[in-house]
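Engineer: I am attaching a structure below and will ask some questions about it afterwards.
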Amino acid sequence: MNVHVEARDVVKRFGPTTALAGAKIAITEGETHALVGRNGAGKSTLVSILTGLQRPDEGEVLFAGQPAPALADRDAWRRRVACVYQKSTIISALTVAENLFLNRQSEKNVINWRALAGRARELLDTYEVDVDAQALAGDLSVEQRQLVEIARALSFGARFIILDEPTARLDGPAIERLFTRMRSLREQGVTMMYISHHLDEVYEICQSVTVFRDARHVTTRPVADLPHDELVAAMTGEATAVYEARSRTPGESVVLSGENLGLAGRYSGIDISVRSGEVVGLAGSASSGKVGLAETLVGLRRADTGTVTVNGTKVTPGDVPAAMKAGLGFVPEDRHHEGFVPLLSVGENATFPIARKLGRYGLISPSRRRATAERMIDSLDIKTEGPDQPVADLSGGNAQKVVFARALVDDPTVLVVINPTAGVDVKAKQALLGAVEDAVERGAGAVLVSDELDDLRICDRVLVMFHGRVVKDVPRGWTDHELVAVMEGMEE
Amino acid sequence: MTTLTAPAPRVRLARFRDLTLVPVIVILLIVGAVLDPTFLTAGNLTNVLQQQAAISLLVLAEAMILIAGKFDLSLESTVGTAPAIAVMLCVPVAAGGFGIGLPGALVIPLALLIGAAIGAFNGFLIIRFQLSAFIVTLAMLIIVHGFLQGPSEGKTLFQLPDSILYLGSALWLGLPAAIWIAGALFAAGIFGLGYLRLGRSLYAIGGNMDAARAAGIRVDRVLYGVFILGGTLAALAGILETGRLGAIGNNQGVGWIFMVFAAAVIGGVSMDGGKGTILGALTGVLVIGLVQNILTLIGVSGFWQPVIYGAIILIALMISRIAGGKAQD
Amino acid sequence: MTTLTAPAPRVRLARFRDLTLVPVIVILLIVGAVLDPTFLTAGNLTNVLQQQAAISLLVLAEAMILIAGKFDLSLESTVGTAPAIAVMLCVPVAAGGFGIGLPGALVIPLALLIGAAIGAFNGFLIIRFQLSAFIVTLAMLIIVHGFLQGPSEGKTLFQLPDSILYLGSALWLGLPAAIWIAGALFAAGIFGLGYLRLGRSLYAIGGNMDAARAAGIRVDRVLYGVFILGGTLAALAGILETGRLGAIGNNQGVGWIFMVFAAAVIGGVSMDGGKGTILGALTGVLVIGLVQNILTLIGVSGFWQPVIYGAIILIALMISRIAGGKAQD
Amino acid sequence: GGGTTTGAGSGGGKVGIDHPRADSDFWNSYIKYVPQMAGELKVELMPATNSQNDVAKLVNNVQALIGQGAKVIVMAPQDTGAIANTLQQLENKKIPVVTVDTRPDKGKVFMVVRADNRAYGTKACEFLGEKLGGKGKVVQLQGALSSINGRDRSEAFSECMKSKFPGITVFSEPTDWEGSKAASMLQTRLEQNPDIKGIYMHAGGVHLAPTLQVLKQKGLLVPPSDPKHIFVISNDGIPQEFESIRKGDIDATVSQPADLYAKYALFYAKAAADGKTFKPGPTDHGSTIIQLPNGLEDQLPAPLVTKENVDDQALWGNQVK
Ligand SMILES: Nc1ncnc2c1ncn2[C@@H]1O[C@H](COP(=O)(O)OP(=O)(O)OP(=O)(O)O)[C@@H](O)[C@H]1O
Ligand SMILES: Nc1ncnc2c1ncn2[C@@H]1O[C@H](COP(=O)(O)OP(=O)(O)OP(=O)(O)O)[C@@H](O)[C@H]1O
Ligand SMILES: [Mg+2]
Ligand SMILES: [Mg+2]
């Protein structure tokens with residue numbers, strides 16, 4: 001079998017960080033090849049090298065045995081490889097249609113906008129993406145944007161496609177649709193490299209897998225030869241048990257409640273109450289309104305009707321600081337948007353909500369900030385040079401952990417986390433879920449919004465939303481099948 | 001859900017966002033007509049257009065540069081310096097020239113070339129050295145103006161080759177040539193940024209440079225092109241202005257850049273890049289031109305004129321904000 | 001590999017990034033000393049500091065506003081208008097006043113209050129109406145200056161209450177009071193933006209406003225505060241300048257804003273918000289002040305002075321770029 | 001006077017000079033005359049500084065000049081109020097000051113060398129008033145309203161029109177000394193009032209070409225015999241104005257004596273350094289010294305130039321090349 005793409009002895013350094021230290025990968029023609037590794041292992045860095053966005057400090061890239069084109073020759077790269085990057089490459093001010101056909105809006109010189117919209121609609125239909133081709137990309141939800149990126153990458157007709165964590169922001173049905181596409185592309189002989197922290201997806205869609213650890217290649221094997229626990233061991237360098245949700249009995253006091261909440265176009269008539277020592281899940285398929293509801297609870301959105309009470313305090317609608325003062329911590333949906341300030345350090349990002357506790361008279365003691373940050377880095381296992389590194393330089397998953405650290409740093413009595421494990425590796429996911437459970441064991445109440453059923457297992461009960469309403473309150477002990485059926489509106 | 005069912009009105013709104021200043025223009029036309037009978041005459045409106053022709057080319061240039069996510073303050077200095085140096089290369093020493101004595105027919109191409117060279121140098125510093133565009137072009141604003149003031153020793157150039165006076169003073173089909181030229185260039189700009197791949201790539205670059213690069217757009221090359229085109233347009237503006245004024249004073253173009261930005265931003269072009277249209281910028285120029293004209297006609301006291309002028313800009317800004325419906329940046 | 005073993009230098013480097021202009025300052029001191037014997041005298045250096053004191057307060061204000069991701073061009077107009085209106089409220093009609101005749105002792109608080117009010121109004125338009133800060137403050141630059149030119153009818157105010165002259169002309173411990181004041185305020189700024197919760201929140205707001213909001217920072221309130229503080233500092237700069245010059249001309253502060261931006265950006269403050277330090281901005285001010293002083297001392301021809309001046313800014317920019325190691329924006 | 005020295009350091013001492021701006025024709029002629037006159041008068045000049053039309057810079061420059069050992073300062077403050085403190089400092093240091101073109105409101109000066117800007121405005125008013133026969137409409141293209149000279153000219157012009165020619169309507173256009181604004185405003189005003197018959201330009205350097213260009217475009221550039229003729233009077237006396245007068249494009253200008261400004265600025269500077277003093281009264285060079293509260297002022301003659309005297313070689317505009 002021919003090796004379609006190969007990277008040899010690649011070294012890439014960013015200042016003092018070595019992102020890749022002699023890493024290699026070889027992908028056979030026609031296979032779907034998984035690349036896995038912990039956050040910060042160097043996966044995305046390899047992607048940028050394989051797609052010609054960055055030059056390796058050492059080593060080489062070969063396509064079908066031929067050396068890769070010059071970095072400046074973007075067209076040659078694009079003929080060889082298409083990619084869904086981990087970081088969004090959507091341009092908010094342009095329409096979906098133009099984003100899909102960026103820099104190839106027309107064959108001829110003059111763009112025919114009507115025809116372009118038609119082509120875009122066709123493409124979106126092919127991939128069953130329910131998005132208006134004429135809408136501004138900036139108005140889309142995170143998930144819709146991700147679908148647009150996927151549709152764009154698949155539409156190039158390249159013989160090699162890289163998908164860097166495409167499913168981190170997708171729900172079940174969308175993931176299924178993506179896999180269907182990927183299978184049919186593979187049947188057409190397209191080679192793919194697939195990156196994900198959902199290892200079951202690796203088993204479902206890939207033929208072979210390469211594991212990176214600490215910037216180096218660890219192993220490459222057919223997935224069939226590599227059982228799940230061995231794979232995890234290869235990634236983490238140690239044997240790791242599957243996460244076991246803990247059981248507990250919730251207390252009596254209600255720490256978070258929403259009454260008669262409604263927001264036009266998103267949800268209506270919601271009553272929700274979370275007790276101390278309880279984790280309440282919010283589930284639902286796309287556009288069910290679960291994120292909108294969670295954002296209302298934390299104050300990111302102002303509901304049209306209803307009130308939110310945090311820890312006994314009626315919070316002014318749309319007032320995040322007030323909610324936080326009342327004891328709330330939260331993880332927003334989009335870490336790039338609301339999660340962190342990229343230029344500021346890990347330490348500062350993680351400690352903003354407790355700034356007032358880091359010193360008196362409005363002062364911040366850098367040493368206390370450092371100490372707190374180091375504690376968070378330790379407990380959440382954030383891979384960073386230290387508290388002073390800007391978050392912009394972290395890998396995706398590690399940035400997510402910083403956002404998580406921010407939510408936990410104030411020992412919140414109420415925790416609202418939205419897709420908290422998006423892009424986080426297996427081991428770190430356990431740490432994050434564990435952190436939620438720890439907080440709850442200390443007496444907090446938590447709301448967990450997630451598209452991932454595995455995350456929802458730590459919930460004491462799951463509220464399932466459908467078309468803006470809570471349709472069912474599912475207690476612990478559900479099976480995947482049951483829950484999905486409710487989410488899809490198949491069962492009332 | 002609701003948003004999904006109604007995509008059509010949205011699209012239409014987006015298209016009309018270029019035209020949020022049209023109501024302002026209509027109001028100004030009505031107000032002007034009420035305040036002064038001369039205002040709505042063909043002669044006066046022609047004057048307004050002619051007076052704005054040169055500065056509008058700067059707005060065109062700046063709009064493109066802003067859309068591509070960059071900045072050029074030095075355009076205003078090019079307006080004086082490019083034609084002045086070109087003239088000095090051609091006229092005799094007695095008329096303030098260098099004594100090189102190139103043929104007078106070359107003066108327009110020379111001026112355009114000098115403008116292009118200034119743009120290219122800006123691009124070089126900003127793109128190659130990754131320096132801040134704002135501050136590079138601020139320094140260049142000072143330097144380029146110095147290259148007018150230095151060789152001319154502060155004197156106005158009065159004796160100009162005829163060719164450089166022609167465009168700014170000729171009439172074509174009964175209208176000043178400058179209006180035709182500006183009109184044609186704006187049409188080209190609207191078309192180019194609306195319908196050409198190259199033009200669209202400015203939006204991509206200004207919107208997300210990394211994404212543009214990943215999409216295969218030759219970002220650096222396009223940006224060089226934009227700066228060079230900007231400098232050339234500024235030189236052309238200088239040529240038109242020279243023809244209109246009949247001489248090149250040391251202050252030609254000085255102080256224009258603020259009005260240029262005001263026109264572009266009122267017209268919906270974002271200072272953050274990636275947003276706005278050439279048509280919008282054009283409406284911004286018209287608003288500014290009409291306001292100035294009306295203030296001159298009604299003869300507001302010179303001392304208070306700036307206050308009224310600034311207030312009208314603020315009001316136009318608010319109207320365009322309300323009609324556009326989006327926060328500005 | 002080798003680099004991994006040395007994470008410490010990185011941190012240290014980051015801290016020194018504020019000081020990338022120090023080599024430039026050293027070079028300027030050497031060059032100045034070589035070119036003119038007067039340069040390194042205590043008297044001359046004191047003059048440099050005194051001359052920069054007022055503008056440095058504007059740089060301080062603008063640096064904070066830029067770090068918070070906003071923009072204020074109108075500061076330069078406040079420098080003239082705030083003290084002028086305050087004076088006109090106090091002095092008799094014969095001296096150019098309004099005839100209201102408030103006590104002369106009130107003139108400084110009044111001026112500061114007017115500065116704060118201008119800042120608050122800017123903030124109101126930008127924050128409440130979500131208008132473009134650049135263009136709002138550009139319009140305000142024109143309007144605020146109009147509020148000096150209008151009531152004064154273009155005339156210089158030179159009969160001033162003594163209290164407003166004191167700060168700009170007094171000596172404290174042998175040094176001009178203005179130097180002490182500017183020094184103290186810069187020290188407060190360095191401390192506040194480095195170690196106060198409120199100060200750090202400027203970086204968060206400028207770096208990612210949504211994230212700052214989500215982190216519990218009262219973004220709007222902080223931004224109002226920054227604009228108000230900026231206006232107040234500009235008024236104080238105006239008071240110092242008034243004391244130094246002994247009168248308030250119609251052009252007081254006019255044209256400063258470009259130099260203010262140049263100083264801030266050379267000093268490492270980003271036009272995009274979230275980046276830069278007050279200490280860096282201070283080094284920027286010093287570079288500009290020294291360059292001006294040296295050019296004056298060696299008596300470069302006025303015609304070519306701008307070219308040399310602009311070129312030095314460009315060189316300083318490049319040095320700070322190379323020393324800082326990061327692309328600018 | 002006698003007893004001049006050429007050796008550095010001896011005799012009267014160094015004269016520091018600051019030029020007000022480098023971007024106008026008038027001032028650049030002045031700047032060119034300065035070293036020439038210094039040579040003739042044997043004045044020891046320090047390298048000139050230039051305050052680029054900014055008082056704050058002027059103050060800085062003066063401080064530097066003092067630091068470098070200037071014994072006399074020649075300056076042309078365009079903002080006459082804001083140099084009060086500087087003049088005070090100079091007085092404390094016993095450094096005499098000669099100001100050119102403007103008269104400081106406050107602070108001691110050894111001598112003010114200037115022509116009377118109010119007289120310019122009055123002369124222009126009288127010229128236009130007579131030519132128009134006391135009725136009709138005129139435009140005055142003002143300079144910047146914040147400039148004292150511009151204000152003096154426009155106030156004197158307007159007052160004179162009001163008192164002597166009440167039948168004439170005056171439109172005042174603030175151009176900020178910008179040709180572009182002048183052209184636009186004049187064009188608009190002519191559109192609105194096609195019966196405008198006179199124009200007074202405050203600065204020939206910036207206003208001349210744009211005015212001619214607008215008139216040409218409107219077909220109004222015709223000889224005085226034609227009833228469509230618009231009478232134009234300028235201010236400055238640069239060679240281009242003379243040429244336009246000869247061609248009949250404009251009718252007159254007030255010659256502001258750049259050469260005399262330079263000559264007598266340095267003359268008085270040298271006299272101050274030598275410890276000479278002056279008294280009010282007529283001088284030997286056709287002017288009068290008047291007493292000011294804070295010093296003396298030598299009011300140099302500023303002749304009105306028309307077709308009759310335009311070829312007079314004594315006019316500075318006929319001497320420069
Ligand atoms: N531009 C950069 N500057 C500095 N360090 C960087 C930069 N990009 C990546 N790194 C560092 O390189 C290492 C590898 O990052 P990379 O993004 O490749 O990880 P990853 O395997 O994709 O992780 P994740 O699963 O979290 O996406 C990380 O330690 C990261 O901090
Ligand atoms: N910025 C927005 N403006 C208008 N409508 C929006 C916006 N964001 C999302 N919506 C719409 O609101 C509805 C509810 O969205 P919400 O994000 O609350 O649901 P969700 O269950 O999280 O959906 P998803 O899983 O797709 O994110 C959807 O129809 C969505 O398209
Ligand atoms: Mg990654
Ligand atoms: Mg969602």
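Each chain in the structure tokens gets a letter, A, B, ..., in the order shown, and its residues are numbered from 1; ligands are numbered from 1 in order too.
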Quick one: pick out all strand (DSSP E) residues within segment 4-250 of chain D from a backbone DSSP run and write them as an MDAnalysis selection string.
Structural biologist: chainID D and resid 15:19 49:50 72:75 97:100 111:114 136:142 168:174 196:201 231:236
Engineer: Can you list, as a ChimeraX atom specification, all residues belonging to segment 126-181 of chain A that DSSP tags as helix (DSSP H, G or I)?
Structural biologist: /A:126,137-139,142-154,172-181
Engineer: Keeping only N, CA, C and O atoms, write those residues as a tab-separated table (two decimals), in the first residue's frame.
Structural biologist:
```tsv
chain	number	residue	atom	x	y	z
A	126	THR	N	-26.19	19.06	0.51
A	126	THR	CA	-25.48	17.78	0.42
A	126	THR	C	-25.05	17.30	1.79
A	126	THR	O	-25.10	16.13	2.10
A	137	ALA	N	-22.00	34.94	8.49
A	137	ALA	CA	-21.41	33.86	9.27
A	137	ALA	C	-21.31	34.24	10.75
A	137	ALA	O	-21.43	33.39	11.62
A	138	GLY	N	-21.14	35.53	11.01
A	138	GLY	CA	-21.04	35.97	12.40
A	138	GLY	C	-22.31	35.75	13.20
A	138	GLY	O	-22.28	35.72	14.42
A	139	ASP	N	-23.44	35.60	12.50
A	139	ASP	CA	-24.70	35.40	13.20
A	139	ASP	C	-24.97	33.93	13.53
A	139	ASP	O	-25.97	33.61	14.15
A	142	VAL	N	-22.03	28.56	17.28
A	142	VAL	CA	-20.72	27.89	17.19
A	142	VAL	C	-20.83	26.61	16.37
A	142	VAL	O	-20.00	26.31	15.51
A	143	GLU	N	-21.89	25.90	16.65
A	143	GLU	CA	-22.08	24.62	16.00
A	143	GLU	C	-22.31	24.78	14.50
A	143	GLU	O	-21.72	24.08	13.67
A	144	GLN	N	-23.15	25.74	14.17
A	144	GLN	CA	-23.41	25.96	12.75
A	144	GLN	C	-22.15	26.37	12.02
A	144	GLN	O	-21.88	25.95	10.90
A	145	ARG	N	-21.34	27.17	12.68
A	145	ARG	CA	-20.10	27.60	12.06
A	145	ARG	C	-19.20	26.40	11.80
A	145	ARG	O	-18.57	26.29	10.75
A	146	GLN	N	-19.17	25.51	12.77
A	146	GLN	CA	-18.34	24.32	12.61
A	146	GLN	C	-18.83	23.49	11.42
A	146	GLN	O	-18.02	23.01	10.62
A	147	LEU	N	-20.14	23.37	11.28
A	147	LEU	CA	-20.68	22.61	10.16
A	147	LEU	C	-20.30	23.26	8.83
A	147	LEU	O	-19.98	22.57	7.86
A	148	VAL	N	-20.31	24.57	8.81
A	148	VAL	CA	-19.92	25.26	7.58
A	148	VAL	C	-18.46	24.98	7.26
A	148	VAL	O	-18.09	24.71	6.12
A	149	GLU	N	-17.64	24.97	8.29
A	149	GLU	CA	-16.22	24.69	8.04
A	149	GLU	C	-16.02	23.29	7.49
A	149	GLU	O	-15.21	23.05	6.59
A	150	ILE	N	-16.78	22.35	8.07
A	150	ILE	CA	-16.64	20.97	7.59
A	150	ILE	C	-17.09	20.87	6.14
A	150	ILE	O	-16.39	20.31	5.29
A	151	ALA	N	-18.24	21.46	5.87
A	151	ALA	CA	-18.75	21.40	4.50
A	151	ALA	C	-17.74	21.99	3.53
A	151	ALA	O	-17.50	21.46	2.44
A	152	ARG	N	-17.11	23.08	3.95
A	152	ARG	CA	-16.15	23.71	3.06
A	152	ARG	C	-14.95	22.79	2.80
A	152	ARG	O	-14.53	22.61	1.67
A	153	ALA	N	-14.42	22.20	3.88
A	153	ALA	CA	-13.23	21.37	3.70
A	153	ALA	C	-13.55	20.18	2.80
A	153	ALA	O	-12.75	19.80	1.93
A	154	LEU	N	-14.73	19.59	3.02
A	154	LEU	CA	-15.06	18.40	2.24
A	154	LEU	C	-15.32	18.75	0.77
A	154	LEU	O	-15.23	17.90	-0.10
A	172	GLY	N	-24.95	14.68	18.68
A	172	GLY	CA	-24.99	13.32	18.14
A	172	GLY	C	-25.40	13.19	16.68
A	172	GLY	O	-24.64	12.66	15.86
A	173	PRO	N	-26.57	13.70	16.32
A	173	PRO	CA	-27.01	13.53	14.93
A	173	PRO	C	-26.05	14.19	13.94
A	173	PRO	O	-25.78	13.62	12.87
A	174	ALA	N	-25.51	15.34	14.32
A	174	ALA	CA	-24.59	16.02	13.41
A	174	ALA	C	-23.34	15.18	13.23
A	174	ALA	O	-22.80	15.08	12.12
A	175	ILE	N	-22.90	14.56	14.32
A	175	ILE	CA	-21.71	13.71	14.22
A	175	ILE	C	-22.01	12.52	13.30
A	175	ILE	O	-21.19	12.18	12.44
A	176	GLU	N	-23.18	11.94	13.47
A	176	GLU	CA	-23.56	10.81	12.61
A	176	GLU	C	-23.52	11.21	11.14
A	176	GLU	O	-23.02	10.48	10.28
A	177	ARG	N	-24.09	12.39	10.85
A	177	ARG	CA	-24.10	12.85	9.45
A	177	ARG	C	-22.68	13.04	8.93
A	177	ARG	O	-22.37	12.68	7.79
A	178	LEU	N	-21.82	13.58	9.80
A	178	LEU	CA	-20.43	13.76	9.39
A	178	LEU	C	-19.79	12.42	9.06
A	178	LEU	O	-19.12	12.25	8.03
A	179	PHE	N	-20.05	11.45	9.91
A	179	PHE	CA	-19.43	10.13	9.68
A	179	PHE	C	-19.93	9.50	8.39
A	179	PHE	O	-19.18	8.84	7.67
A	180	THR	N	-21.21	9.67	8.12
A	180	THR	CA	-21.74	9.13	6.86
A	180	THR	C	-20.98	9.71	5.68
A	180	THR	O	-20.57	9.01	4.76
A	181	ARG	N	-20.75	11.04	5.75
A	181	ARG	CA	-20.00	11.69	4.67
A	181	ARG	C	-18.60	11.12	4.58
A	181	ARG	O	-18.08	10.84	3.51
```
Engineer: Could you list the protein, DNA and RNA residues that have any atom within 9 Å of ligand 3, counting only C-alpha atoms and all ligand atoms, and write them as a PDB file with C-alpha atoms, in the first residue's frame?
Structural biologist:
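This is the output file result18.pdb:
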```pdb
ATOM      1  CA  ASN A  39      -3.916  18.368  25.083  1.00  0.00           C
ATOM      2  CA  GLY A  40      -0.770  20.070  23.964  1.00  0.00           C
ATOM      3  CA  ALA A  41       0.759  16.923  22.506  1.00  0.00           C
ATOM      4  CA  GLY A  42       1.389  18.750  19.248  1.00  0.00           C
ATOM      5  CA  LYS A  43      -1.470  17.522  17.085  1.00  0.00           C
ATOM      6  CA  SER A  44      -2.638  20.877  15.829  1.00  0.00           C
ATOM      7  CA  THR A  45       0.917  21.962  15.282  1.00  0.00           C
ATOM      8  CA  VAL A  47      -1.791  19.930  11.207  1.00  0.00           C
ATOM      9  CA  TYR A  85      -8.742  23.624  11.598  1.00  0.00           C
ATOM     10  CA  GLN A  86      -9.284  23.520  15.317  1.00  0.00           C
ATOM     11  CA  LYS A  87      -9.369  27.293  15.414  1.00  0.00           C
ATOM     12  CA  ASP A 164      -8.878  18.651  13.674  1.00  0.00           C
ATOM     13  CA  GLU A 165     -11.466  17.964  16.380  1.00  0.00           C
ATOM     14  CA  ILE A 195      -8.193  14.190  15.332  1.00  0.00           C
ATOM     15  CA  SER A 395      -3.282  24.385  22.934  1.00  0.00           C
ATOM     16  CA  GLY A 396      -7.046  24.326  22.544  1.00  0.00           C
ATOM     17  CA  GLY A 397      -7.767  21.883  25.329  1.00  0.00           C
ATOM     18  CA  GLY A 423     -11.724  19.595  23.061  1.00  0.00           C
TER      19      GLY A 423
END
```
Engineer: Ligand 4: which residues are within 12 Å, counting only C-alpha atoms and all ligand atoms, as an NGL selection string?
Structural biologist: :A and (140-146 or 168-171 or 266 or 282-295 or 332-334 or 418-419 or 422 or 449-452)
Engineer: Quick one: of C:Tyr224, C:Phe158, C:Tyr166, C:Phe258, who's nearest to chain D, counting only C-alpha atoms?
Structural biologist: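 Nearest candidate to chain D out of C:Tyr224, C:Phe158, C:Tyr166, C:Phe258: C:Phe158.
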Engineer: Quick one: residues within 7 Å of Thr351 of chain A, only C-alpha atoms counted, chain neighbours fewer than 5 positions away excluded, as a list in words?
Structural biologist: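 The neighbour list is Arg369, Arg406 and Val409 of chain A.
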Engineer: Let me make sure I understand: among A:Ala431, A:Leu116, A:Val310, A:Val346, which one has the smallest atom-to-atom distance to chain B if we use only C-alpha atoms?
Structural biologist: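 Nearest to chain B: A:Leu116.
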Engineer: Taking 3 positions as the minimum chain separation for residues in the same chain, which residues sit within 10 Å of segment 205-215 of chain C when counting only C-alpha atoms? Answer as a PyMOL selection string.
Structural biologist: (chain A and resi 298-300+319-321+324+329-332+334-344+349-354+403+406-407) or (chain C and resi 64-70+200-202+218-220+222-223+270-275)
Engineer: Quick one: pull the distance between atom CA of Leu35 of chain B and atom CA of Ile135 of chain C, Å, one decimal.
Structural biologist: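 The value is 27.5 Å.
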Engineer: Mind checking which residues fall within 8 Å of Val59 of chain D, counting only C-alpha atoms, ignoring those fewer than 6 positions away in the same chain, and posting them as a list of chain:residue names?
Structural biologist: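 Near Val59 of chain D, the qualifying residues are C:Leu245, D:Ile83, D:Thr86.
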Engineer: Selection from above, N, CA and C atoms, as a tab-separated table (two decimals), in the first residue's frame, can you write it?
Structural biologist:
```
chain	number	residue	atom	x	y	z
C	245	LEU	N	2.75	78.63	29.62
C	245	LEU	CA	2.72	79.64	28.58
C	245	LEU	C	2.20	80.98	29.09
D	83	ILE	N	2.85	83.80	24.82
D	83	ILE	CA	4.28	83.88	25.08
D	83	ILE	C	4.58	84.79	26.26
D	86	THR	N	7.11	83.47	28.67
D	86	THR	CA	8.44	83.40	28.10
D	86	THR	C	9.08	84.78	28.09
```
Engineer: Name the residues in contact with Val48 of chain B at a cut-off of 12 Å, using only C-alpha atoms, excluding same-chain residues fewer than 5 positions from it; report them as JSON, numbers by chain.
Structural biologist: {"B": [39, 40, 41, 42, 43, 53, 54, 55, 56, 175, 176, 178, 179, 285, 286, 287, 288, 289, 290, 291, 292, 293, 294, 296, 297], "D": [183, 184, 185, 187, 188, 189, 191]}
Engineer: Using only C-alpha atoms and all ligand atoms, find the one residue out of A:Ser247, A:Ser48, A:Ser365, A:Ser273 that sits nearest to ligand 1.
Structural biologist: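 Using only C-alpha atoms and all ligand atoms, the shortest distance to ligand 1 belongs to A:Ser48.
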Engineer: Which neighbours of Val22 of chain C fall inside 12 Å, counting only C-alpha atoms, when residues of the same chain fewer than 2 positions from it are skipped, and could you give them as a ChimeraX atom specification?
Structural biologist: /C:16-20,24-29,266-267,279-287,316,319-320,323-324
Engineer: Have a look at atom CA of Gly168 of chain C and atom CA of Val269 of chain C and let me know their distance in Å, one decimal.
Structural biologist: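 Interatomic distance, atom CA of Gly168 of chain C to atom CA of Val269 of chain C: 27.6 Å.
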Engineer: Within 7 Å of chain D, which residues of chain C show up when using only C-alpha atoms, listed as a count of residues only?
Structural biologist: 20
Engineer: Atom CA of Gly310 of chain B and atom CA of Leu141 of chain C are how many Å apart?
Structural biologist: 8.1 Å
Engineer: Could you list, as a ChimeraX atom specification, every residue of chain C that has an atom within 6 Å of an atom of chain B, counting only C-alpha atoms?
Structural biologist: /C:130-132,139,142-143,146,149-150,303-304,306-307,310,327-329
Engineer: Limited to C-alpha atoms, could you put the picked residues into a file as a PDB file, in the first residue's frame?
Structural biologist:
```pdb
ATOM      1  CA  GLN C 130     -22.236  51.826  20.675  1.00  0.00           C
ATOM      2  CA  LEU C 131     -20.823  54.313  18.202  1.00  0.00           C
ATOM      3  CA  SER C 132     -17.359  54.077  16.749  1.00  0.00           C
ATOM      4  CA  ALA C 139     -16.318  64.811  15.873  1.00  0.00           C
ATOM      5  CA  ILE C 142     -13.912  69.472  16.320  1.00  0.00           C
ATOM      6  CA  ILE C 143     -16.821  70.343  18.591  1.00  0.00           C
ATOM      7  CA  GLY C 146     -15.297  74.976  18.637  1.00  0.00           C
ATOM      8  CA  GLN C 149     -13.049  79.262  19.490  1.00  0.00           C
ATOM      9  CA  GLY C 150     -16.701  80.245  19.639  1.00  0.00           C
ATOM     10  CA  PHE C 303      12.013  72.857   6.051  1.00  0.00           C
ATOM     11  CA  TRP C 304      13.632  69.479   6.529  1.00  0.00           C
ATOM     12  CA  PRO C 306       9.775  67.055   9.701  1.00  0.00           C
ATOM     13  CA  VAL C 307      11.607  64.564   7.517  1.00  0.00           C
ATOM     14  CA  GLY C 310       9.507  61.346  11.062  1.00  0.00           C
ATOM     15  CA  ALA C 327       4.561  42.004  15.276  1.00  0.00           C
ATOM     16  CA  GLN C 328       2.857  45.283  16.065  1.00  0.00           C
ATOM     17  CA  ASP C 329      -0.670  46.290  15.435  1.00  0.00           C
TER      18      ASP C 329
END
```
